[in-house]
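First comes the structure, then the notes that go with it.
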Amino acid sequence: MKNLTMVFLLLVSLLFASPAFAFPMKHGDTLSNSLIVHKLNQQEMKAVTLQNDELDLHSIRVKASTTKHHTSSESPKKESVKLRLSNKEIDLLARLVRAEAQTEPYEGKIAVACVVLNRVESKKFPDTIKEVIYDPGQFQPVSNGEINKPADKESIKAVKAALSEQRQLAPGALFFYNPAIAKSRWLDSRKTTMVIGRHVFKK
């Protein structure tokens, strides 16, 4: 009998209890901001503040979590510098492309130009097109004189493409070679980034 009385009293208390407040909260919202947005009056605000400490704690945790997330990802990726070459530098690069890739597909010519541009942007190599190309022992056309022959139209076009819409054709590639004819095999151990025609591009 006593148990039935307690159950009855519990049901009665639930029926006459004050209604719970429900409103949406977004990431970063505090309790006070949410209450203001939803225009609760002072009496209701007092009731929520007194009865919903857990909600307030949740909003603080959400804010802390959001702040931590932004802090961990706040440093943007460094954008690659857009190189501006003189006509002489474009001609020199195009002559190298012709000498190195004259029998390669157009895409392969662009990739060869990209390797030179990647070197200019890399801390491991000189800072200009001329210095990169004439860096001792780097490109065979320099040592055999092929670099001095004029560039063809497709090589010039490939260089201009590498300086604009095709700049990321060979990302990270700093070397290229033809394994079938290469006398030195030191590039074999480096990571391959892509293969175009007979050229293998390496990091």
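Ordering of the structure tokens sets the chain letters (A, B, ...); residue numbers start at 1 within each chain; ligands are numbered from 1 in the order shown.
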
For segment 166-168 of chain A, find every residue with an atom within 9 Å (counting only C-alpha atoms), except residues of its own chain fewer than 3 positions away, and show them as a PDB file with C-alpha atoms, in the first residue's frame.
```pdb
ATOM      1  CA  ILE A 110      55.726  20.261 -69.641  1.00  0.00           C
ATOM      2  CA  ALA A 111      56.876  17.934 -66.849  1.00  0.00           C
ATOM      3  CA  CYS A 114      58.136  21.765 -64.113  1.00  0.00           C
ATOM      4  CA  LEU A 117      60.751  25.293 -61.841  1.00  0.00           C
ATOM      5  CA  ALA A 158      55.227  23.612 -72.935  1.00  0.00           C
ATOM      6  CA  LYS A 160      54.376  28.606 -70.892  1.00  0.00           C
ATOM      7  CA  ALA A 161      51.951  25.859 -69.852  1.00  0.00           C
ATOM      8  CA  ALA A 162      54.265  24.904 -66.976  1.00  0.00           C
ATOM      9  CA  LEU A 163      54.210  28.523 -65.847  1.00  0.00           C
ATOM     10  CA  PRO A 171      54.485  18.053 -57.985  1.00  0.00           C
ATOM     11  CA  GLY A 172      57.571  17.402 -55.889  1.00  0.00           C
TER      12      GLY A 172
END
```

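The residue that comes closest to Thr192 of chain A, out of A:Ile156, A:Leu174, A:Val112, A:Ile147 and on the basis of only C-alpha atoms, is A:Leu174.
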
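Counting from atom CA of Thr193 of chain A, the distance to atom CA of Leu169 of chain A is 10.5 Å.
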
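Note that the spacing between atom CA of Val120 of chain A and atom CA of Ile133 of chain A amounts to 9.7 Å.
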
Might you pull out every residue within 8 Å of Lys109 of chain A, with only C-alpha atoms counted and same-chain residues fewer than 4 positions away left off, and present them as number ranges by chain? A: 97-98, 101-102, 104-105, 113, 155, 158-159

Write the selection just made, keeping C-alpha atoms, as a compact mmCIF listing (two decimals), in the first residue's frame?
```txt
# COMPACT_ATOMS: atom_id res chain seq x y z
CA VAL A 97 63.08 21.18 -72.79
CA ARG A 98 63.73 20.67 -76.52
CA ALA A 101 62.43 15.90 -74.34
CA GLN A 102 62.22 16.53 -78.08
CA GLU A 104 58.72 12.91 -75.64
CA PRO A 105 54.98 13.65 -75.68
CA ALA A 113 59.93 22.31 -67.44
CA SER A 155 58.84 23.41 -76.27
CA ALA A 158 55.23 23.61 -72.93
CA VAL A 159 57.23 26.09 -70.85
```

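Here atom CA of Ser122 of chain A is placed at a distance of 27.6 Å from atom CA of Asp152 of chain A.
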
With DSSP run on the backbone, what are the helix (DSSP H, G or I) residues within segment 102-191 of chain A? I'd like them as a PyMOL selection string. chain A and resi 106-121+129-133+140-144+146-148+153-162+186-189

Given only C-alpha atoms as the basis, pick out the residue of A:Ser164, A:Ile181, A:Gly137, A:Lys124 nearest to Lys203 of chain A. A:Lys124
